[in-house]
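Source file: my_file13.cif; contents: mmCIF, C-alpha atoms.
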data_upload
loop_
_atom_site.label_atom_id
_atom_site.label_comp_id
_atom_site.auth_asym_id
_atom_site.auth_seq_id
_atom_site.Cartn_x
_atom_site.Cartn_y
_atom_site.Cartn_z
CA MET P 1 -113.04 26.03 80.20
CA LYS P 2 -109.81 24.12 80.62
CA ILE P 3 -106.69 25.91 79.42
CA LYS P 4 -104.40 23.67 77.44
CA LYS P 5 -100.65 24.10 77.43
CA ILE P 6 -98.73 22.69 74.51
CA GLU P 7 -95.62 20.79 75.57
CA PRO P 8 -93.61 19.78 72.54
CA GLU P 9 -92.15 16.30 72.76
CA LYS P 10 -88.97 17.57 71.19
CA LYS P 11 -87.50 20.93 72.04
CA GLN P 12 -85.91 22.13 68.87
CA GLY P 13 -84.09 25.36 68.19
CA LEU P 14 -85.57 27.21 65.23
CA VAL P 15 -84.08 29.70 62.83
CA VAL P 16 -86.72 32.40 62.32
CA VAL P 17 -86.36 35.17 59.76
CA ILE P 18 -88.56 38.29 59.75
CA THR P 19 -87.91 40.32 56.64
CA GLY P 20 -89.69 42.66 54.22
CA HIS P 21 -90.16 46.42 54.00
CA GLY P 22 -93.20 46.85 56.28
CA LYS P 23 -93.48 47.87 59.92
CA GLY P 24 -93.25 45.01 62.38
CA LYS P 25 -89.96 43.15 62.10
CA THR P 26 -87.99 44.25 65.14
CA THR P 27 -91.36 44.73 66.82
CA SER P 28 -92.22 41.10 66.17
CA ALA P 29 -88.87 39.96 67.57
CA MET P 30 -89.57 42.03 70.71
CA GLY P 31 -92.93 40.29 70.97
CA MET P 32 -91.22 36.89 70.86
CA ALA P 33 -88.84 38.07 73.58
CA LEU P 34 -91.80 39.11 75.74
CA ARG P 35 -93.58 35.83 75.14
CA ALA P 36 -90.46 33.87 75.96
CA VAL P 37 -90.39 35.52 79.39
CA GLY P 38 -93.75 33.89 80.13
CA HIS P 39 -92.20 30.51 79.41
CA GLY P 40 -89.26 31.20 81.70
CA LEU P 41 -86.77 31.38 78.85
CA LYS P 42 -83.69 33.57 78.65
CA VAL P 43 -83.32 35.96 75.74
CA SER P 44 -80.39 37.96 74.44
CA ILE P 45 -80.97 40.69 71.87
CA VAL P 46 -78.10 42.12 69.84
CA GLN P 47 -79.04 45.14 67.75
CA PHE P 48 -76.78 45.62 64.75
CA MET P 49 -77.83 48.99 63.39
CA LYS P 50 -79.51 50.68 66.29
CA GLY P 51 -77.95 52.75 69.01
CA ASP P 52 -78.09 56.38 67.94
CA LEU P 53 -81.84 56.83 68.22
CA TYR P 54 -83.79 56.03 71.37
CA THR P 55 -86.27 53.19 71.11
CA GLY P 56 -88.70 52.08 73.81
CA GLU P 57 -87.46 48.50 74.13
CA TRP P 58 -84.22 49.71 75.72
CA ASP P 59 -85.92 50.76 78.92
CA ALA P 60 -88.69 48.17 78.75
CA VAL P 61 -86.30 45.22 78.90
CA LYS P 62 -84.63 46.69 81.98
CA LEU P 63 -87.85 45.82 83.82
CA LEU P 64 -87.37 42.23 82.64
CA LYS P 65 -83.64 42.08 83.31
CA ASP P 66 -83.76 38.61 84.85
CA HIS P 67 -85.07 37.34 81.52
CA ILE P 68 -83.95 39.59 78.68
CA GLU P 69 -80.72 41.40 77.98
CA LEU P 70 -80.16 43.81 75.12
CA THR P 71 -77.00 45.16 73.53
CA ALA P 72 -77.30 47.98 71.01
CA THR P 73 -74.04 48.23 69.11
CA GLY P 74 -74.95 50.31 66.11
CA LYS P 75 -74.84 53.90 65.06
CA GLY P 76 -78.09 53.91 63.17
CA PHE P 77 -78.89 52.97 59.64
CA CYS P 78 -75.87 53.14 57.37
CA GLY P 79 -76.39 55.21 54.29
CA ILE P 80 -79.72 56.79 55.17
CA GLU P 81 -80.23 60.51 55.07
CA GLY P 82 -78.97 62.30 58.15
CA ASN P 83 -76.71 59.50 59.36
CA PRO P 84 -73.23 61.07 59.62
CA TYR P 85 -71.06 57.98 60.15
CA PRO P 86 -68.92 56.50 57.35
CA HIS P 87 -69.36 52.91 56.14
CA SER P 88 -66.08 51.85 57.80
CA GLU P 89 -67.40 52.92 61.21
CA HIS P 90 -70.71 51.10 60.70
CA ARG P 91 -68.76 48.03 59.63
CA GLN P 92 -66.58 48.15 62.73
CA ASN P 93 -69.72 48.35 64.89
CA ALA P 94 -71.29 45.41 63.11
CA GLN P 95 -68.10 43.40 63.49
CA ASP P 96 -68.12 44.18 67.21
CA ALA P 97 -71.73 43.01 67.30
CA LEU P 98 -70.69 39.68 65.75
CA THR P 99 -68.07 39.19 68.46
CA ILE P 100 -70.78 39.78 71.09
CA VAL P 101 -73.11 37.35 69.29
CA LYS P 102 -70.47 34.63 69.42
CA GLU P 103 -69.92 35.25 73.12
CA LYS P 104 -73.65 34.94 73.74
CA ILE P 105 -73.82 31.67 71.81
CA ASN P 106 -70.76 30.23 73.54
CA SER P 107 -72.04 31.24 76.98
CA ARG P 108 -74.86 28.69 76.62
CA GLN P 109 -76.93 31.02 78.81
CA PHE P 110 -79.68 31.85 76.35
CA ASP P 111 -82.62 30.02 74.84
CA ILE P 112 -83.31 32.69 72.25
CA LEU P 113 -80.85 34.96 70.50
CA ILE P 114 -82.27 37.86 68.51
CA LEU P 115 -80.03 39.32 65.81
CA ASP P 116 -81.84 42.55 65.12
CA GLU P 117 -81.26 44.08 61.67
CA ILE P 118 -78.61 41.51 60.81
CA ASN P 119 -80.20 41.02 57.39
CA ASN P 120 -79.59 44.67 56.47
CA ALA P 121 -76.11 44.51 57.96
CA LEU P 122 -75.26 41.71 55.51
CA GLN P 123 -76.92 43.43 52.59
CA LEU P 124 -74.96 46.63 53.33
CA LYS P 125 -71.68 44.67 53.59
CA LEU P 126 -71.15 45.56 57.24
CA ILE P 127 -70.74 41.85 57.83
CA ASP P 128 -69.94 39.07 55.37
CA TYR P 129 -71.96 36.16 54.06
CA ASP P 130 -69.57 33.62 55.62
CA GLN P 131 -69.87 35.30 59.00
CA VAL P 132 -73.65 34.98 59.01
CA MET P 133 -73.44 31.34 57.94
CA GLU P 134 -70.91 30.69 60.71
CA ILE P 135 -73.26 32.17 63.34
CA ILE P 136 -76.18 30.07 62.13
CA SER P 137 -74.13 26.88 62.06
CA MET P 138 -72.47 27.36 65.45
CA ARG P 139 -75.66 27.68 67.49
CA PRO P 140 -76.57 24.84 69.88
CA GLU P 141 -79.37 22.59 68.64
CA GLN P 142 -81.89 23.90 71.17
CA MET P 143 -81.17 27.60 70.76
CA HIS P 144 -83.61 29.68 68.72
CA LEU P 145 -82.10 32.27 66.42
CA ILE P 146 -84.23 35.17 65.20
CA LEU P 147 -82.85 37.25 62.34
CA THR P 148 -84.65 40.48 61.49
CA GLY P 149 -84.26 43.17 58.86
CA ARG P 150 -85.20 43.86 55.29
CA ASP P 151 -83.58 42.17 52.32
CA ALA P 152 -82.77 38.84 53.99
CA HIS P 153 -80.25 36.86 51.94
CA PRO P 154 -81.87 34.04 49.91
CA ASP P 155 -79.52 31.48 51.50
CA VAL P 156 -80.54 32.61 54.97
CA ILE P 157 -84.19 32.22 53.97
CA SER P 158 -83.36 28.82 52.57
CA LEU P 159 -81.70 27.69 55.82
CA ALA P 160 -84.45 29.06 58.06
CA ASP P 161 -87.34 27.07 59.52
CA THR P 162 -89.88 29.89 59.67
CA VAL P 163 -89.81 32.99 57.48
CA SER P 164 -92.29 35.87 57.43
CA GLU P 165 -92.21 38.78 55.05
CA VAL P 166 -93.78 41.97 56.39
CA ARG P 167 -95.20 44.00 53.51
CA GLU P 168 -96.02 47.66 53.85
CA ILE P 169 -99.59 48.25 52.71
CA LYS P 170 -99.46 51.81 53.98
CA HIS P 171 -97.70 53.84 56.66
CA ALA P 172 -98.63 56.96 58.61
CA TYR P 173 -95.50 58.78 57.37
CA GLN P 174 -97.09 58.87 53.92
CA LYS P 175 -99.69 61.20 55.44
CA LYS P 176 -96.83 63.26 56.98
CA ILE P 177 -97.71 62.00 60.46
CA GLU P 178 -94.61 62.12 62.68
CA PRO P 179 -93.24 58.92 64.23
CA GLN P 180 -95.16 58.23 67.44
CA PRO P 181 -93.52 56.82 70.60
CA GLY P 182 -94.65 53.28 71.44
CA ILE P 183 -95.81 52.68 67.90
CA ASP P 184 -92.95 53.66 65.64
CA PHE P 185 -89.99 53.46 68.03
CA MET L 1 -72.12 59.19 70.14
CA LYS L 2 -75.11 61.23 71.18
CA ILE L 3 -78.39 59.33 71.42
CA LYS L 4 -81.26 61.21 69.87
CA LYS L 5 -84.80 60.92 71.12
CA ILE L 6 -87.57 61.81 68.74
CA GLU L 7 -90.25 63.98 70.32
CA PRO L 8 -93.16 64.42 67.94
CA GLU L 9 -94.58 67.94 67.94
CA LYS L 10 -98.04 66.49 67.72
CA LYS L 11 -99.07 63.40 69.64
CA GLN L 12 -101.54 61.66 67.41
CA GLY L 13 -103.36 58.40 67.99
CA LEU L 14 -102.85 55.99 65.14
CA VAL L 15 -104.93 53.12 63.86
CA VAL L 16 -102.50 50.30 63.08
CA VAL L 17 -103.56 47.09 61.35
CA ILE L 18 -101.39 43.96 61.27
CA THR L 19 -102.91 41.38 58.98
CA GLY L 20 -101.90 38.56 56.63
CA HIS L 21 -101.41 34.81 57.00
CA GLY L 22 -97.81 34.73 58.25
CA LYS L 23 -96.37 34.43 61.74
CA GLY L 24 -95.88 37.72 63.55
CA LYS L 25 -99.15 39.60 63.94
CA THR L 26 -100.03 39.19 67.61
CA THR L 27 -96.29 38.95 68.20
CA SER L 28 -95.79 42.34 66.63
CA ALA L 29 -98.56 43.84 68.76
CA MET L 30 -96.86 42.39 71.85
CA GLY L 31 -93.63 44.04 70.71
CA MET L 32 -95.39 47.40 70.47
CA ALA L 33 -96.76 46.85 73.98
CA LEU L 34 -93.24 46.16 75.25
CA ARG L 35 -91.83 49.22 73.51
CA ALA L 36 -94.61 51.39 74.87
CA VAL L 37 -93.54 50.44 78.40
CA GLY L 38 -90.17 52.07 77.72
CA HIS L 39 -91.98 55.29 76.86
CA GLY L 40 -94.02 55.16 80.07
CA LEU L 41 -97.26 54.51 78.22
CA LYS L 42 -100.19 52.41 79.44
CA VAL L 43 -101.38 49.52 77.32
CA SER L 44 -104.50 47.41 77.42
CA ILE L 45 -104.68 44.20 75.39
CA VAL L 46 -108.00 42.51 74.69
CA GLN L 47 -107.67 39.11 73.04
CA PHE L 48 -110.74 38.12 71.05
CA MET L 49 -110.07 34.51 70.12
CA LYS L 50 -107.51 33.36 72.61
CA GLY L 51 -108.07 31.92 76.02
CA ASP L 52 -108.16 28.15 75.71
CA LEU L 53 -104.50 27.64 74.86
CA TYR L 54 -101.68 28.97 77.02
CA THR L 55 -99.50 31.62 75.46
CA GLY L 56 -96.38 33.17 76.97
CA GLU L 57 -97.57 36.77 76.97
CA TRP L 58 -100.10 36.02 79.70
CA ASP L 59 -97.44 35.55 82.34
CA ALA L 60 -94.95 37.96 80.79
CA VAL L 61 -97.27 40.96 81.11
CA LYS L 62 -97.83 40.18 84.80
CA LEU L 63 -94.23 41.29 85.32
CA LEU L 64 -95.17 44.59 83.68
CA LYS L 65 -98.50 44.99 85.44
CA ASP L 66 -98.01 48.68 86.17
CA HIS L 67 -97.86 49.24 82.42
CA ILE L 68 -99.74 46.53 80.56
CA GLU L 69 -102.96 44.71 81.28
CA LEU L 70 -104.32 41.82 79.27
CA THR L 71 -107.78 40.28 79.05
CA ALA L 72 -108.19 37.01 77.16
CA THR L 73 -111.88 36.50 76.46
CA GLY L 74 -111.90 33.87 73.80
CA LYS L 75 -112.22 30.12 73.58
CA GLY L 76 -109.74 29.61 70.80
CA PHE L 77 -110.13 29.85 67.09
CA CYS L 78 -113.70 29.35 65.96
CA GLY L 79 -114.13 26.68 63.34
CA ILE L 80 -110.64 25.18 63.43
CA GLU L 81 -110.08 21.48 63.89
CA GLY L 82 -110.24 20.38 67.51
CA ASN L 83 -112.09 23.44 68.80
CA PRO L 84 -115.26 22.08 70.44
CA TYR L 85 -117.23 25.30 70.99
CA PRO L 86 -120.19 26.27 68.78
CA HIS L 87 -120.28 29.53 66.82
CA SER L 88 -122.88 31.00 69.19
CA GLU L 89 -120.53 30.59 72.14
CA HIS L 90 -117.61 32.15 70.27
CA ARG L 91 -119.89 35.01 69.28
CA GLN L 92 -120.97 35.58 72.86
CA ASN L 93 -117.31 35.71 73.92
CA ALA L 94 -116.47 38.19 71.21
CA GLN L 95 -119.46 40.33 72.17
CA ASP L 96 -118.23 40.29 75.77
CA ALA L 97 -114.82 41.34 74.49
CA LEU L 98 -116.38 44.32 72.75
CA THR L 99 -118.03 45.41 75.97
CA ILE L 100 -114.63 45.28 77.68
CA VAL L 101 -113.05 47.23 74.82
CA LYS L 102 -115.61 50.00 75.22
CA GLU L 103 -114.94 50.13 78.96
CA LYS L 104 -111.22 50.44 78.29
CA ILE L 105 -111.77 53.26 75.82
CA ASN L 106 -114.17 55.10 78.10
CA SER L 107 -111.85 54.74 81.10
CA ARG L 108 -109.37 57.09 79.38
CA GLN L 109 -106.63 55.16 81.21
CA PHE L 110 -104.77 53.80 78.23
CA ASP L 111 -102.51 55.21 75.54
CA ILE L 112 -102.60 52.06 73.45
CA LEU L 113 -105.41 49.57 73.04
CA ILE L 114 -104.60 46.29 71.30
CA LEU L 115 -107.53 44.41 69.78
CA ASP L 116 -105.92 41.05 69.20
CA GLU L 117 -107.50 38.90 66.48
CA ILE L 118 -110.37 41.33 66.02
CA ASN L 119 -109.97 41.09 62.24
CA ASN L 120 -110.71 37.36 62.30
CA ALA L 121 -113.56 37.91 64.73
CA LEU L 122 -115.22 40.20 62.18
CA GLN L 123 -114.51 37.89 59.28
CA LEU L 124 -116.02 34.95 61.21
CA LYS L 125 -119.12 37.03 62.09
CA LEU L 126 -118.44 36.89 65.83
CA ILE L 127 -118.77 40.67 65.78
CA ASP L 128 -120.40 42.92 63.21
CA TYR L 129 -118.99 45.45 60.78
CA ASP L 130 -120.84 48.32 62.49
CA GLN L 131 -119.43 47.32 65.86
CA VAL L 132 -115.86 47.53 64.62
CA MET L 133 -116.51 50.88 62.98
CA GLU L 134 -118.05 52.15 66.23
CA ILE L 135 -114.96 51.15 68.21
CA ILE L 136 -112.64 52.87 65.77
CA SER L 137 -114.69 56.05 65.72
CA MET L 138 -115.20 56.30 69.49
CA ARG L 139 -111.53 56.28 70.44
CA PRO L 140 -110.00 59.50 71.84
CA GLU L 141 -107.80 61.37 69.35
CA GLN L 142 -104.57 60.52 71.17
CA MET L 143 -105.25 56.82 71.73
CA HIS L 144 -103.52 54.31 69.48
CA LEU L 145 -105.59 51.38 68.33
CA ILE L 146 -103.86 48.22 67.08
CA LEU L 147 -106.01 45.67 65.27
CA THR L 148 -104.47 42.28 64.53
CA GLY L 149 -105.58 39.15 62.76
CA ARG L 150 -105.80 37.75 59.28
CA ASP L 151 -108.32 38.87 56.69
CA ALA L 152 -108.67 42.48 57.83
CA HIS L 153 -111.76 44.11 56.34
CA PRO L 154 -110.96 46.43 53.40
CA ASP L 155 -112.77 49.32 55.10
CA VAL L 156 -110.67 48.86 58.25
CA ILE L 157 -107.54 48.93 56.09
CA SER L 158 -108.87 52.01 54.39
CA LEU L 159 -109.46 53.82 57.70
CA ALA L 160 -106.10 52.82 59.20
CA ASP L 161 -102.97 54.97 59.24
CA THR L 162 -100.43 52.13 59.15
CA VAL L 163 -101.08 48.67 57.73
CA SER L 164 -98.66 45.76 57.46
CA GLU L 165 -99.39 42.45 55.85
CA VAL L 166 -97.37 39.53 57.21
CA ARG L 167 -96.87 36.94 54.49
CA GLU L 168 -95.87 33.39 55.27
CA ILE L 169 -92.83 32.48 53.21
CA LYS L 170 -92.43 29.23 55.11
CA HIS L 171 -93.19 27.83 58.55
CA ALA L 172 -91.59 25.11 60.67
CA TYR L 173 -94.89 23.19 60.88
CA GLN L 174 -94.47 22.39 57.20
CA LYS L 175 -91.44 20.30 58.23
CA LYS L 176 -93.58 18.68 60.97
CA ILE L 177 -91.72 20.56 63.67
CA GLU L 178 -93.97 20.97 66.74
CA PRO L 179 -94.87 24.46 67.99
CA GLN L 180 -92.06 25.69 70.23
CA PRO L 181 -92.66 27.75 73.41
CA GLY L 182 -91.42 31.32 73.15
CA ILE L 183 -91.46 31.20 69.38
CA ASP L 184 -94.87 29.88 68.36
CA PHE L 185 -96.94 30.64 71.47
#

I'd like the structure from this file rewritten - as structure tokens, please.
Amino acid sequence: MKIKKIEPEKKQGLVVVITGHGKGKTTSAMGMALRAVGHGLKVSIVQFMKGDLYTGEWDAVKLLKDHIELTATGKGFCGIEGNPYPHSEHRQNAQDALTIVKEKINSRQFDILILDEINNALQLKLIDYDQVMEIISMRPEQMHLILTGRDAHPDVISLADTVSEVREIKHAYQKKIEPQPGIDF
Amino acid sequence: MKIKKIEPEKKQGLVVVITGHGKGKTTSAMGMALRAVGHGLKVSIVQFMKGDLYTGEWDAVKLLKDHIELTATGKGFCGIEGNPYPHSEHRQNAQDALTIVKEKINSRQFDILILDEINNALQLKLIDYDQVMEIISMRPEQMHLILTGRDAHPDVISLADTVSEVREIKHAYQKKIEPQPGIDF
């Protein structure tokens, strides 16, 4: 059997949105990052609302450090039970994340930029509508932008090329099963 | 800020199903594989319907070979336009994949076993209902099983602990944009 390799005639940067309330949004973005490594592409991941709770991708990408870099700027999910930080502090973190995002875009070093949980950050007013639109519009034509997180703004969906909504059919926590490493974080 | 690390009191193998018609099912499974590496877990990926068309994860996982192994047994998607192989040949491949899956389970070497596109394989009668049920029931209690692919069988959904359905809101191909490496394959 001959293995075919698709070579697109035109390399075109896509805006991809992964939204919805089910498991598999950040996870899917991590999968794209992994795949991209196989194609020799460079990936930067900026996590907007993660940073206070360990997640496996932090150490995994260190093994792929020639290909993927990851910056976790957040202090966890703003407003959820058990998160002690005020809105103003979450907003400052998200604003810092935006500055980093702009640096990554302007560096022209990356083929794929993953903006993890940016949809929630907008919905929670940690960043502003105009700021998200600015990021999307300033990217080079060949750079892919992946925006994850629930409650994606309708205008972001409208601008995007590919949008998936991950629906939760069921989740182990409903059976009181604890979060499991490698699966849930 | 102190980074918390969740340590579940009980390590419990989960059955996770990622189904639906949108982009992000295999991708999500690859993301779980990547995450698992950060937790020091061992992952085996068996791809049921892939093998004739290059996809980035094949080379990416080689860089993580102490943690992830991948076997692509398939000859592409049975029945889709341009795929030249008869049903009998696809079925033989899928049956071979099942044999490999059983070996992986019996080896007791893996924390996570990813059965990529197994849902389609069942729906297309490349494997049988009883065979899928056997695989699910024979796994060790602490092994996670991840089943991807559209059209998951209702009984598989019923047995699973966590199920996400990825819905396609839109996709770049609808605008005649070619598949892009790192994003689409």

Do you know which residues the PyMOL selection byres ((chain L) within 6 of (chain P)) returns on this file, as a PyMOL selection string?
-> chain L and resi 3-5+8+22+24+27-28+30-32+35-39+52-54+56-57+59-60+161-172+178+182-183

Selected residues written out with C-alpha atoms, as a PDB file, in the coordinates of the input:
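What landed in part_37.pdb:
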ATOM      1  CA  ILE L   3     -78.390  59.330  71.420  1.00  0.00           C
ATOM      2  CA  LYS L   4     -81.260  61.210  69.870  1.00  0.00           C
ATOM      3  CA  LYS L   5     -84.800  60.920  71.120  1.00  0.00           C
ATOM      4  CA  PRO L   8     -93.160  64.420  67.940  1.00  0.00           C
ATOM      5  CA  GLY L  22     -97.810  34.730  58.250  1.00  0.00           C
ATOM      6  CA  GLY L  24     -95.880  37.720  63.550  1.00  0.00           C
ATOM      7  CA  THR L  27     -96.290  38.950  68.200  1.00  0.00           C
ATOM      8  CA  SER L  28     -95.790  42.340  66.630  1.00  0.00           C
ATOM      9  CA  MET L  30     -96.860  42.390  71.850  1.00  0.00           C
ATOM     10  CA  GLY L  31     -93.630  44.040  70.710  1.00  0.00           C
ATOM     11  CA  MET L  32     -95.390  47.400  70.470  1.00  0.00           C
ATOM     12  CA  ARG L  35     -91.830  49.220  73.510  1.00  0.00           C
ATOM     13  CA  ALA L  36     -94.610  51.390  74.870  1.00  0.00           C
ATOM     14  CA  VAL L  37     -93.540  50.440  78.400  1.00  0.00           C
ATOM     15  CA  GLY L  38     -90.170  52.070  77.720  1.00  0.00           C
ATOM     16  CA  HIS L  39     -91.980  55.290  76.860  1.00  0.00           C
ATOM     17  CA  ASP L  52    -108.160  28.150  75.710  1.00  0.00           C
ATOM     18  CA  LEU L  53    -104.500  27.640  74.860  1.00  0.00           C
ATOM     19  CA  TYR L  54    -101.680  28.970  77.020  1.00  0.00           C
ATOM     20  CA  GLY L  56     -96.380  33.170  76.970  1.00  0.00           C
ATOM     21  CA  GLU L  57     -97.570  36.770  76.970  1.00  0.00           C
ATOM     22  CA  ASP L  59     -97.440  35.550  82.340  1.00  0.00           C
ATOM     23  CA  ALA L  60     -94.950  37.960  80.790  1.00  0.00           C
ATOM     24  CA  ASP L 161    -102.970  54.970  59.240  1.00  0.00           C
ATOM     25  CA  THR L 162    -100.430  52.130  59.150  1.00  0.00           C
ATOM     26  CA  VAL L 163    -101.080  48.670  57.730  1.00  0.00           C
ATOM     27  CA  SER L 164     -98.660  45.760  57.460  1.00  0.00           C
ATOM     28  CA  GLU L 165     -99.390  42.450  55.850  1.00  0.00           C
ATOM     29  CA  VAL L 166     -97.370  39.530  57.210  1.00  0.00           C
ATOM     30  CA  ARG L 167     -96.870  36.940  54.490  1.00  0.00           C
ATOM     31  CA  GLU L 168     -95.870  33.390  55.270  1.00  0.00           C
ATOM     32  CA  ILE L 169     -92.830  32.480  53.210  1.00  0.00           C
ATOM     33  CA  LYS L 170     -92.430  29.230  55.110  1.00  0.00           C
ATOM     34  CA  HIS L 171     -93.190  27.830  58.550  1.00  0.00           C
ATOM     35  CA  ALA L 172     -91.590  25.110  60.670  1.00  0.00           C
ATOM     36  CA  GLU L 178     -93.970  20.970  66.740  1.00  0.00           C
ATOM     37  CA  GLY L 182     -91.420  31.320  73.150  1.00  0.00           C
ATOM     38  CA  ILE L 183     -91.460  31.200  69.380  1.00  0.00           C
TER      39      ILE L 183
END

Which of these residues is nearest to Ala152 (chain P), using only C-alpha atoms: P:Ser88, P:Thr99, P:Gln123, P:Gln109?
-> P:Gln123

With only C-alpha atoms counted and 8 Å as the cut-off, give the residues of region 117-174 of chain L in contact with region 90-94 of chain L, each with its shortest interatomic distance in Å and the pair that gives it, as a tab-separated table.
residue	atom	partner	partner_atom	distance
L:Ala121	CA	L:Ala94	CA	7.1
L:Lys125	CA	L:Arg91	CA	7.5
L:Leu126	CA	L:Arg91	CA	4.2
L:Ile127	CA	L:Ala94	CA	6.4

Record the distance separating CA of Leu115 (chain L) and CA of Ile45 (chain L), expressed in Å with one decimal.
->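 Interatomic distance, CA of Leu115 (chain L) to CA of Ile45 (chain L): 6.3 Å.
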
One-decimal distance in Å that lies between CA of Val46 (chain P) and CA of Lys102 (chain P) =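 Result for CA of Lys102 (chain P) versus CA of Val46 (chain P): 10.7 Å, one decimal.
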
Length of the CA of Pro86 (chain P) to CA of Leu147 (chain P) vector [Å] = 24.3 Å

Write out as a PyMOL selection string which residues come within 6 Å of Gly149 (chain P) when counting only C-alpha atoms, dropping same-chain ones fewer than 3 positions away.
-> chain P and resi 19+117+119-120

Quick one: which residues end up in the PyMOL selection byres ((chain L and resi 138) around 12) for this structure, as number ranges by chain?
-> L: 101-106, 108, 131-137, 139-145

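With all atoms listed in the file as the atoms that count, the residue of L:Lys50, L:Lys176, L:Asp66, L:Leu113 with the shortest distance to Asn83 (chain L) is L:Lys50.
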
For Asp155 (chain L), which residue out of L:Glu89, L:Asp130, L:Asp116, L:Asp96 is the nearest one, using all atoms listed in the file?
->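 Using all atoms listed in the file, the shortest distance to Asp155 (chain L) belongs to L:Asp130.
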
Quick test: take region 74-85 of chain P, keep N, CA, C and O atoms, and write it as a CSV table (one decimal), in the first residue's frame.
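What landed in result_29.csv:
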chain,number,residue,atom,x,y,z
P,74,GLY,N,-2.5,32.1,33.6
P,74,GLY,CA,-3.7,32.3,34.4
P,74,GLY,C,-3.5,31.9,35.8
P,74,GLY,O,-2.5,31.4,36.3
P,75,LYS,N,-4.6,32.1,36.5
P,75,LYS,CA,-4.7,31.7,37.9
P,75,LYS,C,-6.0,30.9,38.1
P,75,LYS,O,-6.7,31.0,39.1
P,76,GLY,N,-6.2,30.1,37.1
P,76,GLY,CA,-7.4,29.2,37.2
P,76,GLY,C,-8.7,29.9,36.7
P,76,GLY,O,-8.6,31.0,36.2
P,77,PHE,N,-9.8,29.2,36.8
P,77,PHE,CA,-11.0,29.6,36.3
P,77,PHE,C,-11.7,30.7,37.2
P,77,PHE,O,-12.0,30.4,38.3
P,78,CYS,N,-11.8,31.9,36.6
P,78,CYS,CA,-12.4,33.0,37.4
P,78,CYS,C,-13.8,32.7,37.7
P,78,CYS,O,-14.6,32.3,36.9
P,79,GLY,N,-14.1,32.9,39.0
P,79,GLY,CA,-15.5,32.8,39.4
P,79,GLY,C,-16.0,31.4,39.8
P,79,GLY,O,-17.0,31.2,40.3
P,80,ILE,N,-15.1,30.3,39.5
P,80,ILE,CA,-15.6,29.0,40.0
P,80,ILE,C,-15.3,28.8,41.4
P,80,ILE,O,-14.4,29.4,42.0
P,81,GLU,N,-16.0,27.9,42.0
P,81,GLU,CA,-15.9,27.5,43.4
P,81,GLU,C,-14.5,27.2,43.8
P,81,GLU,O,-13.8,26.4,43.1
P,82,GLY,N,-14.0,27.8,44.8
P,82,GLY,CA,-12.6,27.4,45.3
P,82,GLY,C,-11.5,28.3,44.7
P,82,GLY,O,-10.4,28.2,45.2
P,83,ASN,N,-11.8,29.1,43.7
P,83,ASN,CA,-10.8,29.9,43.1
P,83,ASN,C,-10.8,31.3,43.9
P,83,ASN,O,-11.8,32.0,43.9
P,84,PRO,N,-9.6,31.6,44.6
P,84,PRO,CA,-9.6,32.7,45.6
P,84,PRO,C,-9.3,34.0,45.0
P,84,PRO,O,-9.4,35.0,45.7
P,85,TYR,N,-9.0,34.1,43.7
P,85,TYR,CA,-8.5,35.4,43.2
P,85,TYR,C,-9.6,36.3,42.7
P,85,TYR,O,-10.6,35.8,42.0
